[in-house]
Structure formats: C-alpha cells, structure tokens
Amino acid sequence: MSDDVAIRVRGLRKTYGGSVAVAGLDLDVHRGEVFALLGPNGAGKTTTVEILEGYRGRDAGEVRVLDVDPADPTRDWRGRVGIVFQGTGEFDELSVAEVVHHFAGFYRDADDPDKVIERVGLTAKAGARTHTLSGGQKRRLDVALGIVGRPELLFLDEPTTGFDPEARREFWELIRDLAAAGTTIVLTTHYLDEAEALADRVGVIAGGQLVETAAPHQLGNRQEALATVSWRTPDGTLDSAQSAAPTALVAELAARFGGEVPGLTVSRPTLEDIYLTMIGHR
Amino acid sequence: MTTTTKPAQPVTAAPPARRSGPAGLALRQGRLEIRQFLRSRESVVFTLGFPLIMVLIFASIFDGEIAPGVSYTQYFITGMIATGLMTVSFQNLGIWIPIERDRGVLKRYRGTPMPKWVWFAGKVIMVLVTGVATTALLLAVSVTLFDLNLPTNATTWLTFGWVSALGVTACTLCGIAISSLARTSRSGSAVVTPVSLVLQFISGVFFVFTNLPTWMQQVAALFPLKWMCQGLRAVFLPESFGADEPGGSFELTRVALVLGIWCVIGLVLCLTTFRWTTRRDG
C-alpha cells in the first residue's frame, strides 16, 4: 500500500442472514482527504463504515485501514483512528470535562482535553453533566471524544443529524479545521449540501456497492449536464428548452422579446437531482 | 467552536495528559466507576440501604431463638450480608451493564486504545469497594443494635475473607455474564431482579434453610447464594449450630467447591457471550 492511501477496500461483502448489505464494494480514500459516503438508508453505508472501524466482521474482501486489517485491530491502530458514532454515548453521571479527560488518558499522544472542549464549543458546559446537554451539544461531546486522541483518520457517521442550521455551519468549520491540519476524514451523511460543502470526493453507495466516486461538482458528469432554460410565452404558458449553450439561447430570447424575457430561469441539475437519479429514484 | 487549527506537530508548550501504565489505567477506571455509582442516588440507596432496611425490619419483627444460643436475627443478618454481596456484584452489574451497552458507552470504550481488561477491572474495583462498604455498614449496625458477635479468632476472619471473596467473584462473573441476556437497557432489571429475589427466598436468607421443603433446598444448593449464606453462618453463628445445617456441619470444603465451580462457569460465560454492542448494532 502506498503512503498516501488511508483506506483501501476491494470486493467487500457482508450479508445478514439472507440479505446482502454490502455486495462487492471497492473504495479508496487518500490521506488528508475528506471523503463523503452518500446513500439512502439500507444502502450499506453504516455496515461499511463499521467494518472499516473494526466493529463488524466481513464475509469476504480485502480491507486495509491505515495499513491494518480492521478485523484484527491493534491498540496502536485504535489510537490512530477516531470515531464519532451515529448514536450518542451518554455518561449520565459524569460531566463533560470528566468524560473528555478520562478518554484522553487512553491515548499515548492525547490532545489537551480542555483545548478539545474549547474547540468543540463546550467550554461553557464543561462542568455540566452530560445528560443535561442538548442534542447538538451531545454531538459535540461525541466529536470531542473522537478527536481527543489526535487521530490520523476520523470517521463521522451522520454527524449533523438533528443540528439546527447554525450549529451545522459551526460544525462544518470544525471539520474544515481538522482537514486543514491533515486529518483524513470519512463521513457518511444524508445531506447533499453537507457533502458538497465539505468533501473533496463523494462516493455514492446504493445496493451495497459504490456506484460512483467523484468530486461533488463532477458527480454524474454534473458539470457537463445540459442547462434548462425556461420562460413564459406571450400567451402566458411556460416554455423550456435544454441547451448546452444557454447563454446564446438567452440572448436569442432577449432579441425575440425585445428586452426582458418574462419568467426567465436558467438551471442545471442540482447534486440532489443527480444523486436521486443514481440511486434509482428518478 | 473556535477557529484554532490543530497544530500539525505536537505542541511542546502544553504537555498532553500522559497515558498511565496498566495499573494506573485500571485504578482510573475504578475511580470513574465509583464516582458514577456514588452519583446515581437510586443505586446507592438501593445497594447500600436495602440490606440495612431489611435487617432493621426483620430483626424488629422476629426475635425468637432458632437453636440454643442462636437468635433468628443473627441467622437473618448473615443471610443479608450474603445478599448484600450478591446485590453489589450480580444485581448491580446485571442491571447497569445493559444500560451502558444500550447507550453506546461500551461501544465507545471499544473504539479507544483502552485494553479490554481495564474496563472489567474498573467494574471489579467498584464491586469490591461497594461490597466492603455495604458489609461494614451491616456489621456496624448489627453489632450495635442486634448483638451480632464478630469473629474472635484469625481462622474465622480468614473464613469470612475467603467466603466473601469467592462469593463476590462468582456473583461478579455471573452478573457480567447475565448482562448479555438483556436485549435493551430496561430489561436488565427484569432479568436480574427475579433471579436474585427467588434465590434469596430459597437460599435461607428470609427463612431458616432447613425449614424449607427438601426439593427447594436441593434447587437452592445448585446456586451460589445458599453456599455464601452457609459459609457466613460458619463465621457468625456458634460452632454448635453446624449440627443444624442440612449436611450436619457447615461443610466449608463444599462451600469453596461450589463457589469455585460458579466462578469457572461465570468466567466461561463471560468469555464466550460478552458483547460490547447491542444486538441491533451487530
């Protein structure tokens, strides 16, 4: 494995009883990259990530995470991988500071727990019992526990589910900070805008396979897709045309209408349109 | 959240929390467990208070002698000491571990470089400390209010020590093992409480063991509590009472044997069935 590969997966398979969760998945994540796994519920996202995190076994395939097979995790490897789970681990009777300090003690080269609490914006809540935190604050505590060991690779499973828009923006800033410092980040998300805002590359998972991997703006050849120009005709009905040269079409329309084109819009398929097409919903 | 970026190199200024050695890790874990226990008021009241309240009630209701020189109160107190030891170990672990597992606390520990045994050591330390506390409390009250005689020679103290230690070990292992039966956080107490209550009734805690139907005695003899009670009677009741035991003596060798077998059974069950994640987590 070359030095710039953080995760390499070939032909990963996992079945539960009779149902196939992951069906021959291939995946490469480079070091220092932010990689988003997109996919509907039941597509095999969480199963895949949990196999990569060392929580689940696999039926077949080759998996290397930071050059270690996660089916046989070492203590050293656990120290290099940070995990932010989908559910929240509550430590009812402990305070935020107590939990973060305690977990820091498990790592050889842990970050300063108080600084970590500050980074996730919980300094004001450091003395509060974890069960008194709001949903978003609990999520921040999860992140604090995920990064306190200064991981080389950080897994985030649907990290902003339940966040309000402002909290999401703040969270994105934190992820960008971590990425800027060289942490490799793998996140799963339902939110396309989140993938677009954060990820260097997006992998779309459907039916247990990775159906496409690309930069967000290139997904499904989005940048080459035809633009849709629509306008209102003089008799009031809506007309539209698909065009590879929308500017020329708009100029032509402007000439035809002698100035302002009524109800003019020019649009390209959104990431969501592309995504829904890929997973077979359109 | 702040915009401070993570330094690429470890900062030299603020030395991060140092990872402790194995013993240090275990002690930290034990301290954390005890802190969590002390802060959950219900479990403190229930664990430490229940045997005490039972002794106060029963000793005030029944004051007859069950054998020459042996009051029912003395008999009952030895049973409650055994029950107290079972409560702090078997019952406490069987109820709390499913809750922690359900909340994802165990899964989170598994994601850190913490060696697995450290978590178990933390539980054992908590059980030992609470076991000593509940026993000391019971003894203090019983000696002051109900004329219980403490052992007067080293041999009897030694018996007290090994019967308690072996009993707590068996109950701890069985508590950890039975925690895997509960499917959700709430079912832990539904699984454990009836087992523990039935054992108290058939093992000679509330009733003099030899007054129970023979078949009930035989069932009770399969489980640890009966033998813990019998071993503790050898400590706190006059030697002459041994003749009133079902075997015609306190049968300390058999006490050691049965408790030892339960330690082995519990350990095997722990090693083969313990789960860090819930069933739905896989």
# chains A, B, ... in the order shown; residues from 1 in each chain; ligands from 1
call {"tool": "residues_around", "arguments": {"residues": "Thr253 in chain B", "least_positions_apart": "3", "cutoff": "12 Å", "atoms": "only C-alpha atoms", "output": "PDB file with C-alpha atoms, in the first residue's frame"}}
result
ATOM      1  CA  THR B 159     -13.104 -17.882  56.560  1.00  0.00           C
ATOM      2  CA  TRP B 162     -12.410 -16.217  51.527  1.00  0.00           C
ATOM      3  CA  VAL B 163     -16.145 -16.940  51.576  1.00  0.00           C
ATOM      4  CA  TRP B 227     -23.393 -21.577  49.950  1.00  0.00           C
ATOM      5  CA  GLN B 230     -23.851 -21.197  54.835  1.00  0.00           C
ATOM      6  CA  GLY B 231     -20.207 -20.095  54.764  1.00  0.00           C
ATOM      7  CA  ALA B 234     -19.838 -20.629  59.939  1.00  0.00           C
ATOM      8  CA  GLY B 247     -25.218 -31.623  55.919  1.00  0.00           C
ATOM      9  CA  SER B 249     -21.824 -29.339  59.507  1.00  0.00           C
ATOM     10  CA  PHE B 250     -21.007 -26.011  57.823  1.00  0.00           C
ATOM     11  CA  ALA B 256     -15.433 -23.495  48.433  1.00  0.00           C
ATOM     12  CA  LEU B 257     -16.053 -26.133  45.785  1.00  0.00           C
ATOM     13  CA  VAL B 258     -19.490 -24.889  44.662  1.00  0.00           C
ATOM     14  CA  LEU B 259     -18.468 -21.223  44.673  1.00  0.00           C
ATOM     15  CA  GLY B 260     -15.313 -22.172  42.783  1.00  0.00           C
TER      16      GLY B 260
END
call {"tool": "residues_around", "arguments": {"residues": "range 152-154 of chain A", "least_positions_apart": "4", "cutoff": "10 Å", "atoms": "only C-alpha atoms", "output": "PyMOL selection string"}}
result
chain A and resi 6-7+31-34+53+65-66+77+79-84+143+146-147+175+178-179+181-187
call {"tool": "select_by_dssp", "arguments": {"residues": "range 64-107 of chain B", "states": "helix (DSSP H, G or I)", "output": "PDB file with C-alpha atoms, in the first residue's frame"}}
result
ATOM      1  CA  TYR B  72     -33.324 -15.584  64.260  1.00  0.00           C
ATOM      2  CA  THR B  73     -31.801 -12.097  63.945  1.00  0.00           C
ATOM      3  CA  GLN B  74     -28.263 -13.466  63.837  1.00  0.00           C
ATOM      4  CA  TYR B  75     -29.299 -16.035  61.276  1.00  0.00           C
ATOM      5  CA  PHE B  76     -31.028 -13.422  59.158  1.00  0.00           C
ATOM      6  CA  ILE B  77     -28.122 -10.963  59.327  1.00  0.00           C
ATOM      7  CA  THR B  78     -25.662 -13.497  57.916  1.00  0.00           C
ATOM      8  CA  GLY B  79     -28.113 -14.063  55.083  1.00  0.00           C
ATOM      9  CA  MET B  80     -28.361 -10.329  54.481  1.00  0.00           C
ATOM     10  CA  ILE B  81     -24.576  -9.970  54.345  1.00  0.00           C
ATOM     11  CA  ALA B  82     -24.549 -12.609  51.624  1.00  0.00           C
ATOM     12  CA  THR B  83     -27.467 -10.858  49.898  1.00  0.00           C
ATOM     13  CA  GLY B  84     -25.633  -7.527  50.128  1.00  0.00           C
ATOM     14  CA  LEU B  85     -22.590  -9.062  48.440  1.00  0.00           C
ATOM     15  CA  MET B  86     -24.798 -10.501  45.714  1.00  0.00           C
ATOM     16  CA  THR B  87     -26.536  -7.146  45.242  1.00  0.00           C
ATOM     17  CA  VAL B  88     -23.351  -5.120  44.710  1.00  0.00           C
ATOM     18  CA  SER B  89     -21.988  -7.647  42.262  1.00  0.00           C
ATOM     19  CA  PHE B  90     -24.580  -9.768  40.451  1.00  0.00           C
ATOM     20  CA  GLN B  91     -27.553  -7.447  40.618  1.00  0.00           C
ATOM     21  CA  ASN B  92     -25.708  -4.174  40.093  1.00  0.00           C
ATOM     22  CA  LEU B  93     -23.727  -5.382  37.084  1.00  0.00           C
ATOM     23  CA  GLY B  94     -26.656  -7.274  35.590  1.00  0.00           C
ATOM     24  CA  ILE B  95     -28.738  -4.105  35.653  1.00  0.00           C
ATOM     25  CA  TRP B  96     -26.153  -1.453  34.777  1.00  0.00           C
ATOM     26  CA  ILE B  97     -24.130  -3.110  32.036  1.00  0.00           C
ATOM     27  CA  PRO B  98     -27.165  -3.427  29.698  1.00  0.00           C
ATOM     28  CA  ILE B  99     -27.897   0.264  30.245  1.00  0.00           C
ATOM     29  CA  GLU B 100     -24.328   1.232  29.389  1.00  0.00           C
ATOM     30  CA  ARG B 101     -24.335  -1.110  26.421  1.00  0.00           C
ATOM     31  CA  ASP B 102     -27.609   0.331  25.153  1.00  0.00           C
ATOM     32  CA  VAL B 105     -20.880   3.615  26.304  1.00  0.00           C
ATOM     33  CA  LEU B 106     -19.278   0.188  25.885  1.00  0.00           C
ATOM     34  CA  LYS B 107     -19.026   0.608  22.126  1.00  0.00           C
TER      35      LYS B 107
END
call {"tool": "interface_residues", "arguments": {"of": "chain A", "to": "chain B", "cutoff": "7 Å", "atoms": "only C-alpha atoms", "output": "list in words"}}
result
Arg75, Asp76, Arg78, Gly79, Ile83, Thr88, Gly89, Glu90, Glu93, Leu94, Ala104, Gly105, Phe106, Tyr107, Arg108, Asp109, Ala110, Asp111, Asp112, Glu118, Arg119, Val120, Gly121, Glu170, Asp177, Leu178 and Ala181 of chain A
call {"tool": "select_by_dssp", "arguments": {"residues": "range 115-252 of chain A", "states": "strand (DSSP E)", "output": "CSV table (one decimal) with C-alpha atoms, in the first residue's frame"}}
result
chain,number,residue,atom,x,y,z
A,153,LEU,CA,-8.2,9.2,10.4
A,154,LEU,CA,-11.6,10.3,11.7
A,155,PHE,CA,-14.9,8.6,11.0
A,156,LEU,CA,-18.0,10.6,11.3
A,157,ASP,CA,-21.3,8.8,11.0
A,184,THR,CA,-8.2,12.2,6.9
A,185,ILE,CA,-12.0,12.3,7.3
A,186,VAL,CA,-14.6,9.8,6.2
A,187,LEU,CA,-18.1,11.0,6.8
A,188,THR,CA,-21.5,9.5,6.0
A,189,THR,CA,-24.3,11.8,5.5
A,201,ARG,CA,-14.7,13.5,-3.1
A,202,VAL,CA,-18.1,11.9,-2.8
A,203,GLY,CA,-18.9,8.2,-3.1
A,204,VAL,CA,-22.5,7.2,-3.8
A,205,ILE,CA,-23.4,3.9,-2.3
A,206,ALA,CA,-26.5,2.0,-3.5
A,209,GLN,CA,-22.0,-1.1,-4.0
A,210,LEU,CA,-20.2,2.1,-4.7
A,211,VAL,CA,-21.9,3.3,-7.8
A,212,GLU,CA,-19.8,6.4,-8.4
A,213,THR,CA,-16.9,8.3,-6.9
A,214,ALA,CA,-16.2,11.9,-7.9
A,227,ALA,CA,-28.8,23.6,-18.7
A,228,THR,CA,-32.6,24.1,-18.7
A,229,VAL,CA,-33.8,27.5,-19.8
A,230,SER,CA,-37.4,28.3,-19.2
A,231,TRP,CA,-39.5,31.3,-19.9
A,232,ARG,CA,-43.1,32.5,-20.3
A,238,LEU,CA,-44.4,28.1,-19.7
A,239,ASP,CA,-41.9,27.0,-22.3
A,240,SER,CA,-38.5,25.5,-21.7
A,241,ALA,CA,-35.5,24.1,-23.6
A,242,GLN,CA,-32.4,22.1,-22.8
A,243,SER,CA,-29.2,23.6,-24.1
call {"tool": "atom_distance", "arguments": {"atom1": "CA of Val96 in chain A", "atom2": "CA of Val127 in chain B"}}
result
24.8 Å
call {"tool": "atom_distance", "arguments": {"atom1": "CA of Arg31 in chain B", "atom2": "CA of Ile125 in chain B"}}
result
8.1 Å
call {"tool": "closest_residue", "arguments": {"among": "A:Leu141, A:Leu133, A:Val148, A:Ile51", "to": "Phe103 in chain A", "atoms": "only C-alpha atoms"}}
result
A:Val148
call {"tool": "residues_around", "arguments": {"residues": "range 268-274 of chain A", "least_positions_apart": "4", "cutoff": "10 Å", "atoms": "only C-alpha atoms", "output": "PyMOL selection string"}}
result
chain A and resi 191-193+195-196+216-229+242+278-282
call {"tool": "residues_around", "arguments": {"residues": "range 54-64 of chain A", "least_positions_apart": "6", "cutoff": "10 Å", "atoms": "only C-alpha atoms", "output": "PyMOL selection string"}}
result
(chain A and resi 1+5-16+22-28+47-48+70-74+78) or (chain B and resi 107+110-111+276-277+281-282)
call {"tool": "write_last_selection", "arguments": {"atoms": "N, CA and C atoms", "output": "mmCIF file, in the first residue's frame"}}
result
data_model
loop_
_atom_site.group_PDB
_atom_site.id
_atom_site.type_symbol
_atom_site.label_atom_id
_atom_site.label_comp_id
_atom_site.auth_asym_id
_atom_site.auth_seq_id
_atom_site.Cartn_x
_atom_site.Cartn_y
_atom_site.Cartn_z
ATOM 1 N N MET A 1 0.847 -1.194 0.000
ATOM 2 C CA MET A 1 0.000 0.000 0.000
ATOM 3 C C MET A 1 0.888 1.251 0.000
ATOM 4 N N VAL A 5 -2.329 6.326 0.772
ATOM 5 C CA VAL A 5 -3.634 5.676 0.838
ATOM 6 C C VAL A 5 -4.009 5.440 2.302
ATOM 7 N N ALA A 6 -5.136 5.987 2.709
ATOM 8 C CA ALA A 6 -5.575 5.785 4.096
ATOM 9 C C ALA A 6 -6.467 4.554 4.190
ATOM 10 N N ILE A 7 -7.330 4.371 3.217
ATOM 11 C CA ILE A 7 -8.257 3.239 3.226
ATOM 12 C C ILE A 7 -8.266 2.597 1.841
ATOM 13 N N ARG A 8 -8.177 1.281 1.826
ATOM 14 C CA ARG A 8 -8.260 0.564 0.554
ATOM 15 C C ARG A 8 -9.179 -0.642 0.764
ATOM 16 N N VAL A 9 -10.245 -0.695 -0.012
ATOM 17 C CA VAL A 9 -11.228 -1.774 0.112
ATOM 18 C C VAL A 9 -11.422 -2.405 -1.266
ATOM 19 N N ARG A 10 -11.368 -3.735 -1.306
ATOM 20 C CA ARG A 10 -11.599 -4.441 -2.569
ATOM 21 C C ARG A 10 -12.567 -5.595 -2.351
ATOM 22 N N GLY A 11 -13.658 -5.573 -3.103
ATOM 23 C CA GLY A 11 -14.585 -6.706 -3.097
ATOM 24 C C GLY A 11 -15.203 -7.011 -1.742
ATOM 25 N N LEU A 12 -15.516 -5.955 -0.982
ATOM 26 C CA LEU A 12 -16.081 -6.160 0.357
ATOM 27 C C LEU A 12 -17.511 -6.703 0.282
ATOM 28 N N ARG A 13 -17.738 -7.779 1.031
ATOM 29 C CA ARG A 13 -19.080 -8.374 1.071
ATOM 30 C C ARG A 13 -19.489 -8.626 2.513
ATOM 31 N N LYS A 14 -20.777 -8.381 2.783
ATOM 32 C CA LYS A 14 -21.328 -8.689 4.102
ATOM 33 C C LYS A 14 -22.813 -9.003 3.956
ATOM 34 N N THR A 15 -23.208 -10.152 4.471
ATOM 35 C CA THR A 15 -24.631 -10.492 4.436
ATOM 36 C C THR A 15 -25.115 -10.737 5.856
ATOM 37 N N TYR A 16 -26.375 -10.403 6.094
ATOM 38 C CA TYR A 16 -27.029 -10.706 7.367
ATOM 39 C C TYR A 16 -28.136 -11.695 7.075
ATOM 40 N N VAL A 22 -23.662 -5.496 1.940
ATOM 41 C CA VAL A 22 -22.580 -4.940 1.134
ATOM 42 C C VAL A 22 -22.233 -5.992 0.091
ATOM 43 N N ALA A 23 -22.265 -5.593 -1.192
ATOM 44 C CA ALA A 23 -22.140 -6.583 -2.263
ATOM 45 C C ALA A 23 -20.969 -6.263 -3.180
ATOM 46 N N GLY A 24 -19.773 -6.541 -2.704
ATOM 47 C CA GLY A 24 -18.612 -6.343 -3.573
ATOM 48 C C GLY A 24 -18.242 -4.882 -3.735
ATOM 49 N N LEU A 25 -17.958 -4.230 -2.609
ATOM 50 C CA LEU A 25 -17.679 -2.794 -2.644
ATOM 51 C C LEU A 25 -16.174 -2.522 -2.754
ATOM 52 N N ASP A 26 -15.814 -1.600 -3.633
ATOM 53 C CA ASP A 26 -14.422 -1.147 -3.765
ATOM 54 C C ASP A 26 -14.359 0.315 -3.350
ATOM 55 N N LEU A 27 -13.285 0.658 -2.635
ATOM 56 C CA LEU A 27 -13.195 2.041 -2.155
ATOM 57 C C LEU A 27 -11.743 2.396 -1.893
ATOM 58 N N ASP A 28 -11.353 3.606 -2.284
ATOM 59 C CA ASP A 28 -10.031 4.124 -1.937
ATOM 60 C C ASP A 28 -10.197 5.511 -1.344
ATOM 61 N N THR A 47 -22.956 -0.229 7.630
ATOM 62 C CA THR A 47 -22.265 -1.520 7.690
ATOM 63 C C THR A 47 -20.825 -1.362 7.197
ATOM 64 N N THR A 48 -20.667 -0.697 6.056
ATOM 65 C CA THR A 48 -19.328 -0.495 5.507
ATOM 66 C C THR A 48 -18.436 0.248 6.495
ATOM 67 N N PRO A 70 -8.760 -3.993 9.787
ATOM 68 C CA PRO A 70 -9.575 -3.654 10.961
ATOM 69 C C PRO A 70 -10.250 -4.863 11.615
ATOM 70 N N ALA A 71 -10.285 -6.003 10.931
ATOM 71 C CA ALA A 71 -10.842 -7.199 11.565
ATOM 72 C C ALA A 71 -9.927 -7.664 12.694
ATOM 73 N N ASP A 72 -8.685 -7.185 12.677
ATOM 74 C CA ASP A 72 -7.709 -7.593 13.685
ATOM 75 C C ASP A 72 -7.045 -6.338 14.254
ATOM 76 N N PRO A 73 -7.842 -5.501 14.946
ATOM 77 C CA PRO A 73 -7.329 -4.190 15.347
ATOM 78 C C PRO A 73 -6.297 -4.275 16.473
ATOM 79 N N THR A 74 -5.264 -3.474 16.363
ATOM 80 C CA THR A 74 -4.268 -3.401 17.440
ATOM 81 C C THR A 74 -4.573 -2.163 18.290
ATOM 82 N N ARG A 78 -6.059 1.537 17.120
ATOM 83 C CA ARG A 78 -7.203 2.196 17.746
ATOM 84 C C ARG A 78 -6.848 3.624 18.158
ATOM 85 N N LYS B 107 -19.505 0.528 23.503
ATOM 86 C CA LYS B 107 -19.026 0.608 22.126
ATOM 87 C C LYS B 107 -17.956 1.705 22.021
ATOM 88 N N ARG B 110 -14.729 0.603 23.410
ATOM 89 C CA ARG B 110 -14.105 -0.343 22.483
ATOM 90 C C ARG B 110 -13.374 0.370 21.353
ATOM 91 N N GLY B 111 -13.807 1.604 21.043
ATOM 92 C CA GLY B 111 -13.185 2.351 19.957
ATOM 93 C C GLY B 111 -11.906 3.062 20.357
ATOM 94 N N TRP B 276 -19.926 -6.076 23.430
ATOM 95 C CA TRP B 276 -19.641 -4.648 23.630
ATOM 96 C C TRP B 276 -20.718 -3.801 22.983
ATOM 97 N N THR B 277 -21.475 -4.410 22.067
ATOM 98 C CA THR B 277 -22.505 -3.642 21.371
ATOM 99 C C THR B 277 -23.832 -4.367 21.533
ATOM 100 N N ASP B 281 -26.881 -3.477 16.962
ATOM 101 C CA ASP B 281 -25.619 -2.947 16.443
ATOM 102 C C ASP B 281 -24.802 -4.019 15.742
ATOM 103 N N GLY B 282 -25.163 -5.268 15.994
ATOM 104 C CA GLY B 282 -24.436 -6.348 15.320
ATOM 105 C C GLY B 282 -23.362 -6.910 16.169
#
call {"tool": "atom_distance", "arguments": {"atom1": "CA of Gly149 in chain A", "atom2": "CA of Val99 in chain A"}}
result
13.2 Å
call {"tool": "residues_around", "arguments": {"residues": "range 158-164 of chain A", "least_positions_apart": "2", "cutoff": "10 Å", "atoms": "only C-alpha atoms", "output": "ChimeraX atom specification"}}
result
/A:37-38,46,84-87,135-137,139-140,142-143,155-156,166-169,171-172,187-191,194
call {"tool": "decode", "arguments": {"residues": "range 208-241 of chain A", "atoms": "C-alpha atoms", "output": "PDB file, in the first residue's frame"}}
result
ATOM      1  CA  GLY A 208     -24.297  -2.379  -1.264  1.00  0.00           C
ATOM      2  CA  GLN A 209     -21.972  -1.110  -3.969  1.00  0.00           C
ATOM      3  CA  LEU A 210     -20.170   2.111  -4.685  1.00  0.00           C
ATOM      4  CA  VAL A 211     -21.919   3.285  -7.848  1.00  0.00           C
ATOM      5  CA  GLU A 212     -19.769   6.358  -8.412  1.00  0.00           C
ATOM      6  CA  THR A 213     -16.900   8.293  -6.857  1.00  0.00           C
ATOM      7  CA  ALA A 214     -16.164  11.855  -7.922  1.00  0.00           C
ATOM      8  CA  ALA A 215     -15.626  15.401  -6.735  1.00  0.00           C
ATOM      9  CA  PRO A 216     -19.027  16.829  -5.758  1.00  0.00           C
ATOM     10  CA  HIS A 217     -19.191  19.152  -8.794  1.00  0.00           C
ATOM     11  CA  GLN A 218     -18.309  16.299 -11.158  1.00  0.00           C
ATOM     12  CA  LEU A 219     -20.678  13.721  -9.782  1.00  0.00           C
ATOM     13  CA  GLY A 220     -22.759  12.152 -12.532  1.00  0.00           C
ATOM     14  CA  ASN A 221     -20.988  14.419 -15.072  1.00  0.00           C
ATOM     15  CA  ARG A 222     -22.896  17.246 -13.493  1.00  0.00           C
ATOM     16  CA  GLN A 223     -20.670  19.929 -14.986  1.00  0.00           C
ATOM     17  CA  GLU A 224     -21.431  18.668 -18.487  1.00  0.00           C
ATOM     18  CA  ALA A 225     -25.150  18.318 -17.981  1.00  0.00           C
ATOM     19  CA  LEU A 226     -27.430  20.394 -20.191  1.00  0.00           C
ATOM     20  CA  ALA A 227     -28.849  23.560 -18.694  1.00  0.00           C
ATOM     21  CA  THR A 228     -32.583  24.062 -18.674  1.00  0.00           C
ATOM     22  CA  VAL A 229     -33.798  27.474 -19.823  1.00  0.00           C
ATOM     23  CA  SER A 230     -37.431  28.271 -19.217  1.00  0.00           C
ATOM     24  CA  TRP A 231     -39.508  31.336 -19.881  1.00  0.00           C
ATOM     25  CA  ARG A 232     -43.099  32.471 -20.256  1.00  0.00           C
ATOM     26  CA  THR A 233     -44.551  32.793 -23.760  1.00  0.00           C
ATOM     27  CA  PRO A 234     -46.689  35.834 -24.675  1.00  0.00           C
ATOM     28  CA  ASP A 235     -49.867  33.738 -24.248  1.00  0.00           C
ATOM     29  CA  GLY A 236     -48.846  33.002 -20.623  1.00  0.00           C
ATOM     30  CA  THR A 237     -47.764  29.352 -20.849  1.00  0.00           C
ATOM     31  CA  LEU A 238     -44.386  28.135 -19.664  1.00  0.00           C
ATOM     32  CA  ASP A 239     -41.893  27.043 -22.288  1.00  0.00           C
ATOM     33  CA  SER A 240     -38.487  25.472 -21.744  1.00  0.00           C
ATOM     34  CA  ALA A 241     -35.543  24.098 -23.647  1.00  0.00           C
TER      35      ALA A 241
END
